[in-house]
file final-v1.csv (CSV, C-alpha atoms and all ligand atoms)
chain,number,residue,atom,x,y,z
A,1,MET,CA,31.9,37.1,119.9
A,2,PRO,CA,34.4,39.8,119.1
A,3,PHE,CA,33.4,42.9,117.4
A,4,LEU,CA,35.7,44.1,114.6
A,5,LYS,CA,36.9,47.6,114.1
A,6,ILE,CA,35.3,49.3,111.2
A,7,VAL,CA,37.8,51.4,109.3
A,8,ASN,CA,36.8,54.8,108.1
A,9,CYS,CA,37.0,56.2,104.6
A,10,MET,CA,40.5,57.6,105.1
A,11,ASP,CA,41.9,54.1,105.2
A,12,PRO,CA,43.6,53.1,101.9
A,13,ILE,CA,42.3,49.5,102.2
A,14,LEU,CA,38.9,50.9,101.1
A,15,ARG,CA,40.5,52.0,97.9
A,16,LYS,CA,41.9,48.7,96.9
A,17,LYS,CA,39.9,46.1,94.9
A,18,CYS,CA,39.4,43.0,97.1
A,19,LEU,CA,41.0,39.7,96.1
A,20,LYS,CA,38.8,36.9,95.0
A,21,VAL,CA,38.3,34.2,97.7
A,22,ASP,CA,39.7,30.9,96.5
A,23,ASN,CA,39.8,29.0,99.8
A,24,ILE,CA,36.9,28.9,102.1
A,25,ASP,CA,38.3,27.8,105.5
A,26,GLU,CA,37.6,28.2,109.2
A,27,THR,CA,39.3,31.6,109.4
A,28,LEU,CA,37.0,32.9,106.7
A,29,ALA,CA,33.9,31.5,108.4
A,30,GLN,CA,35.0,33.1,111.7
A,31,LEU,CA,35.6,36.4,109.9
A,32,ALA,CA,32.1,36.3,108.4
A,33,ASP,CA,30.5,35.5,111.8
A,34,ASN,CA,32.3,38.4,113.4
A,35,MET,CA,31.3,40.6,110.5
A,36,ILE,CA,27.6,39.8,111.1
A,37,ASP,CA,27.9,40.6,114.8
A,38,THR,CA,29.8,43.8,114.0
A,39,MET,CA,27.2,44.9,111.3
A,40,TYR,CA,24.4,44.6,113.8
A,41,ALA,CA,26.3,46.2,116.6
A,42,ALA,CA,26.9,49.2,114.3
A,43,SER,CA,23.2,49.2,113.2
A,44,GLY,CA,24.2,48.5,109.6
A,45,LEU,CA,22.4,46.6,106.9
A,46,GLY,CA,25.6,45.4,105.2
A,47,LEU,CA,29.3,45.2,105.7
A,48,ALA,CA,32.1,44.5,103.3
A,49,ALA,CA,35.3,42.6,104.4
A,50,ASN,CA,37.6,45.5,103.6
A,51,GLN,CA,35.6,47.7,106.0
A,52,VAL,CA,37.0,45.5,108.8
A,53,GLY,CA,40.5,45.6,107.2
A,54,VAL,CA,40.4,42.4,105.2
A,55,SER,CA,40.9,42.7,101.5
A,56,SER,CA,38.8,39.7,100.5
A,57,ASP,CA,35.9,39.5,98.2
A,58,LEU,CA,32.9,39.0,100.5
A,59,PHE,CA,30.3,40.9,102.4
A,60,VAL,CA,27.5,40.3,104.8
A,61,ILE,CA,24.0,41.7,104.4
A,62,ASP,CA,20.7,41.4,106.2
A,63,VAL,CA,18.3,40.3,103.5
A,64,GLY,CA,15.4,40.2,106.0
A,65,VAL,CA,15.3,44.0,106.4
A,66,GLN,CA,12.1,44.4,104.4
A,67,LYS,CA,10.4,41.7,106.4
A,68,GLU,CA,11.6,43.4,109.6
A,69,LYS,CA,13.2,40.1,110.6
A,70,ARG,CA,17.0,39.5,110.8
A,71,ASP,CA,18.2,37.2,108.1
A,72,PRO,CA,22.0,37.7,107.7
A,73,VAL,CA,23.7,36.1,104.8
A,74,ILE,CA,27.3,35.9,103.7
A,75,ILE,CA,28.1,36.3,100.0
A,76,ILE,CA,31.5,35.3,98.7
A,77,ASN,CA,32.8,36.5,95.3
A,78,PRO,CA,29.6,38.3,94.4
A,79,VAL,CA,28.7,39.5,91.0
A,80,ILE,CA,25.7,41.5,89.7
A,81,THR,CA,24.0,39.4,87.0
A,82,ALA,CA,21.2,41.8,86.2
A,83,SER,CA,20.1,45.4,87.0
A,84,ASP,CA,17.6,47.9,85.8
A,85,GLU,CA,16.8,51.6,85.8
A,86,LEU,CA,18.4,53.9,88.2
A,87,VAL,CA,16.6,55.7,91.0
A,88,MET,CA,17.9,58.3,93.4
A,89,ALA,CA,17.6,57.8,97.2
A,90,GLU,CA,19.5,58.6,100.3
A,91,GLU,CA,22.2,56.4,101.6
A,92,GLY,CA,25.0,56.3,104.2
A,93,CYS,CA,28.0,54.2,105.0
A,94,LEU,CA,29.4,52.7,108.3
A,95,SER,CA,32.9,54.0,107.1
A,96,ILE,CA,31.6,57.5,106.6
A,97,PRO,CA,29.5,57.9,109.8
A,98,ASP,CA,26.6,60.3,110.1
A,99,LEU,CA,26.8,61.6,106.6
A,100,PHE,CA,24.2,60.8,103.9
A,101,ALA,CA,23.7,61.7,100.3
A,102,GLU,CA,21.3,61.0,97.4
A,103,ILE,CA,22.9,58.4,95.1
A,104,ASN,CA,21.7,56.8,91.9
A,105,ARG,CA,21.3,53.0,92.1
A,106,SER,CA,19.4,50.4,90.2
A,107,GLN,CA,15.9,49.7,91.5
A,108,HIS,CA,16.3,45.9,91.0
A,109,VAL,CA,19.4,43.7,91.0
A,110,GLU,CA,20.2,40.1,90.7
A,111,VAL,CA,23.3,39.0,92.5
A,112,LYS,CA,25.2,35.7,92.3
A,113,GLY,CA,27.8,34.5,94.8
A,114,TYR,CA,28.8,31.6,97.1
A,115,ASP,CA,28.1,30.7,100.6
A,116,LEU,CA,30.6,29.3,103.2
A,117,LYS,CA,30.0,25.8,101.9
A,118,GLY,CA,30.9,26.9,98.4
A,119,ASN,CA,27.3,26.5,97.2
A,120,GLU,CA,26.1,29.0,94.6
A,121,LEU,CA,23.7,31.6,95.9
A,122,ARG,CA,21.4,33.9,93.9
A,123,TYR,CA,19.4,36.8,95.3
A,124,GLU,CA,16.9,39.1,93.6
A,125,ALA,CA,16.5,42.4,95.5
A,126,GLU,CA,14.6,45.6,95.0
A,127,GLY,CA,14.5,49.0,96.5
A,128,PHE,CA,16.4,49.5,99.8
A,129,LEU,CA,17.9,46.0,99.7
A,130,ALA,CA,19.0,46.3,96.1
A,131,ARG,CA,20.7,49.6,97.0
A,132,ALA,CA,22.5,47.8,99.9
A,133,PHE,CA,23.8,45.1,97.6
A,134,GLN,CA,25.2,47.7,95.2
A,135,HIS,CA,26.7,49.7,98.0
A,136,GLU,CA,28.5,46.6,99.4
A,137,MET,CA,29.7,45.4,96.0
A,138,ASP,CA,31.1,48.9,95.3
A,139,HIS,CA,33.1,48.6,98.5
A,140,LEU,CA,34.7,45.3,97.3
A,141,LYS,CA,35.8,47.2,94.1
A,142,GLY,CA,37.4,50.0,96.1
A,143,ILE,CA,34.5,52.4,95.5
A,144,LEU,CA,32.9,54.6,98.2
A,145,PHE,CA,29.3,55.9,97.8
A,146,TRP,CA,30.4,59.6,97.5
A,147,ASP,CA,32.4,58.6,94.3
A,148,ASN,CA,29.0,58.6,92.6
A,149,LEU,CA,28.5,62.3,93.5
A,150,SER,CA,29.6,65.3,91.5
A,151,LYS,CA,33.1,66.6,92.3
A,152,VAL,CA,31.6,69.6,94.1
A,153,LYS,CA,29.2,67.6,96.3
A,154,ARG,CA,31.9,65.0,97.1
A,155,SER,CA,34.4,67.6,98.3
A,156,ILE,CA,31.7,69.2,100.5
A,157,MET,CA,31.1,65.8,102.1
A,158,GLN,CA,34.8,65.1,102.4
A,159,ARG,CA,35.3,68.4,104.2
A,160,LYS,CA,32.4,67.6,106.5
A,161,PHE,CA,33.9,64.2,107.3
A,162,LYS,CA,37.3,65.7,108.1
A,163,LYS,CA,35.7,68.3,110.3
A,164,LYS,CA,33.8,65.6,112.3
A,165,LEU,CA,37.0,63.6,112.6
A,166,LYS,CA,38.8,66.6,114.2
A,167,GLU,CA,35.9,67.1,116.6
A,168,VAL,CA,36.2,63.4,117.7
A,169,ILE,CA,40.0,63.6,118.2
A,170,ALA,CA,39.9,67.0,119.9
B,1,ZN,ZN,29.6,51.5,103.1
call {"tool": "encode", "arguments": {"input": "final-v1.csv", "output": "structure tokens", "more": "lines below"}}
Ligand code: ZN
result
Amino acid sequence: MPFLKIVNCMDPILRKKCLKVDNIDETLAQLADNMIDTMYAASGLGLAANQVGVSSDLFVIDVGVQKEKRDPVIIINPVITASDELVMAEEGCLSIPDLFAEINRSQHVEVKGYDLKGNELRYEAEGFLARAFQHEMDHLKGILFWDNLSKVKRSIMQRKFKKKLKEVIA
């Protein structure tokens, strides 16, 4: 089971809106499987396709996180059908390693999408999991979590990221 390379926030693919999936085939199923393996290998809770360099509208997420039991699902062409009041909590991103920030997200969301057989899926999530859904869906729209910060806070984080990147390369 090959692990995929997770691109970092400097990669322009993360700034492009992903294309709707209109053909679910073996290649897509293989991609989704590899994304699940990659997500767990990176100790992530969710992973969007563009984070592994594929600009397609799908993500994988572990909906079992609150039950402390792995339950990975693949959600194709997702949309948020309901959300409620915003709450602040800390979050991070596999494409912006080791940096965290307090971000406003809805406490509850309802998400609709499709599985690999083309069947409709619906999830209701709250708290940490609701946050993960919103984070992954932002990725598919070309949005990174620090876009939700003030300009000042964002540029501080961006500087920190670039500094880390230099340390890694040096
Ligand atoms: Zn992310």
call {"tool": "atom_distance", "arguments": {"input": "final-v1.csv", "atom1": "CA of Gln30 in chain A", "atom2": "CA of Gln134 in chain A"}}
result
24.1 Å
call {"tool": "residues_near_ligand", "arguments": {"input": "final-v1.csv", "ligand": "ligand ZN 1 (chain B)", "cutoff": "8 Å", "atoms": "only C-alpha atoms and all ligand atoms", "output": "number ranges by chain"}}
result
A: 46-48, 51, 92-96, 135-136, 139, 144-145
call {"tool": "closest_residue", "arguments": {"input": "final-v1.csv", "among": "A:Pro12, A:Pro2, A:Gly127, A:Gly53", "to": "Ser83 in chain A", "atoms": "all atoms listed in the file"}}
result
A:Gly127
call {"tool": "residues_near_point", "arguments": {"input": "final-v1.csv", "point": "(20.7, 47.1, 93.0)", "cutoff": "8 Å", "atoms": "all atoms listed in the file", "output": "list in words"}}
result
Ser83, Asp84, Arg105, Ser106, Gln107, His108, Val109, Glu110, Ala125, Glu126, Gly127, Leu129, Ala130, Arg131, Ala132, Phe133 and Gln134 of chain A
call {"tool": "residues_around", "arguments": {"input": "final-v1.csv", "residues": "Lys112 in chain A", "least_positions_apart": "5", "cutoff": "12 Å", "atoms": "all atoms listed in the file", "output": "PDB file with C-alpha atoms, in the coordinates of the input"}}
result
ATOM      1  CA  LEU A  58      32.900  39.000 100.500  1.00  0.00           C
ATOM      2  CA  ILE A  74      27.300  35.900 103.700  1.00  0.00           C
ATOM      3  CA  ILE A  75      28.100  36.300 100.000  1.00  0.00           C
ATOM      4  CA  ILE A  76      31.500  35.300  98.700  1.00  0.00           C
ATOM      5  CA  ASN A  77      32.800  36.500  95.300  1.00  0.00           C
ATOM      6  CA  PRO A  78      29.600  38.300  94.400  1.00  0.00           C
ATOM      7  CA  VAL A  79      28.700  39.500  91.000  1.00  0.00           C
ATOM      8  CA  ILE A  80      25.700  41.500  89.700  1.00  0.00           C
ATOM      9  CA  THR A  81      24.000  39.400  87.000  1.00  0.00           C
ATOM     10  CA  ALA A  82      21.200  41.800  86.200  1.00  0.00           C
ATOM     11  CA  ASN A 119      27.300  26.500  97.200  1.00  0.00           C
ATOM     12  CA  GLU A 120      26.100  29.000  94.600  1.00  0.00           C
ATOM     13  CA  LEU A 121      23.700  31.600  95.900  1.00  0.00           C
ATOM     14  CA  ARG A 122      21.400  33.900  93.900  1.00  0.00           C
ATOM     15  CA  TYR A 123      19.400  36.800  95.300  1.00  0.00           C
ATOM     16  CA  GLU A 124      16.900  39.100  93.600  1.00  0.00           C
ATOM     17  CA  ALA A 125      16.500  42.400  95.500  1.00  0.00           C
ATOM     18  CA  PHE A 133      23.800  45.100  97.600  1.00  0.00           C
ATOM     19  CA  MET A 137      29.700  45.400  96.000  1.00  0.00           C
TER      20      MET A 137
END
call {"tool": "residues_around", "arguments": {"input": "final-v1.csv", "residues": "Arg70 in chain A", "least_positions_apart": "2", "cutoff": "12 Å", "atoms": "all atoms listed in the file", "output": "list in words"}}
result
Ile36, Asp37, Met39, Tyr40, Ser43, Gly44, Leu45, Gly46, Ile61, Asp62, Val63, Gly64, Val65, Gln66, Lys67, Glu68, Pro72 and Val73 of chain A
call {"tool": "atom_distance", "arguments": {"input": "final-v1.csv", "atom1": "CA of Lys17 in chain A", "atom2": "CA of Ser55 in chain A"}}
result
7.5 Å
call {"tool": "atom_distance", "arguments": {"input": "final-v1.csv", "atom1": "CA of Asp98 in chain A", "atom2": "CA of Asp57 in chain A"}}
result
25.7 Å
call {"tool": "closest_residue", "arguments": {"input": "final-v1.csv", "among": "A:Leu99, A:Val168, A:Ala41, A:Lys163", "to": "Phe3 in chain A", "atoms": "all atoms listed in the file"}}
result
A:Ala41
call {"tool": "residues_around", "arguments": {"input": "final-v1.csv", "residues": "Lys16 in chain A", "least_positions_apart": "3", "cutoff": "10 Å", "atoms": "all atoms listed in the file", "output": "PyMOL selection string"}}
result
chain A and resi 11-13+19+50+55+139-143
call {"tool": "residues_around", "arguments": {"input": "final-v1.csv", "residues": "Val52 in chain A", "least_positions_apart": "3", "cutoff": "7 Å", "atoms": "only C-alpha atoms", "output": "PyMOL selection string"}}
result
chain A and resi 4-7+49
call {"tool": "closest_residue", "arguments": {"input": "final-v1.csv", "among": "A:Ser150, A:Ala89, A:Asp71, A:Asp115", "to": "Ala32 in chain A", "atoms": "only C-alpha atoms"}}
result
A:Asp115
call {"tool": "closest_residue", "arguments": {"input": "final-v1.csv", "among": "A:Pro97, A:Val111, A:Cys9, A:Gly118", "to": "Asn23 in chain A", "atoms": "only C-alpha atoms"}}
result
A:Gly118
call {"tool": "closest_residue", "arguments": {"input": "final-v1.csv", "among": "A:Met88, A:Ile156, A:Ile103, A:Cys18", "to": "Val54 in chain A", "atoms": "all atoms listed in the file"}}
result
A:Cys18
call {"tool": "closest_residue", "arguments": {"input": "final-v1.csv", "among": "A:Lys117, A:Val60, A:Arg159, A:Asp138", "to": "Leu14 in chain A", "atoms": "only C-alpha atoms"}}
result
A:Asp138
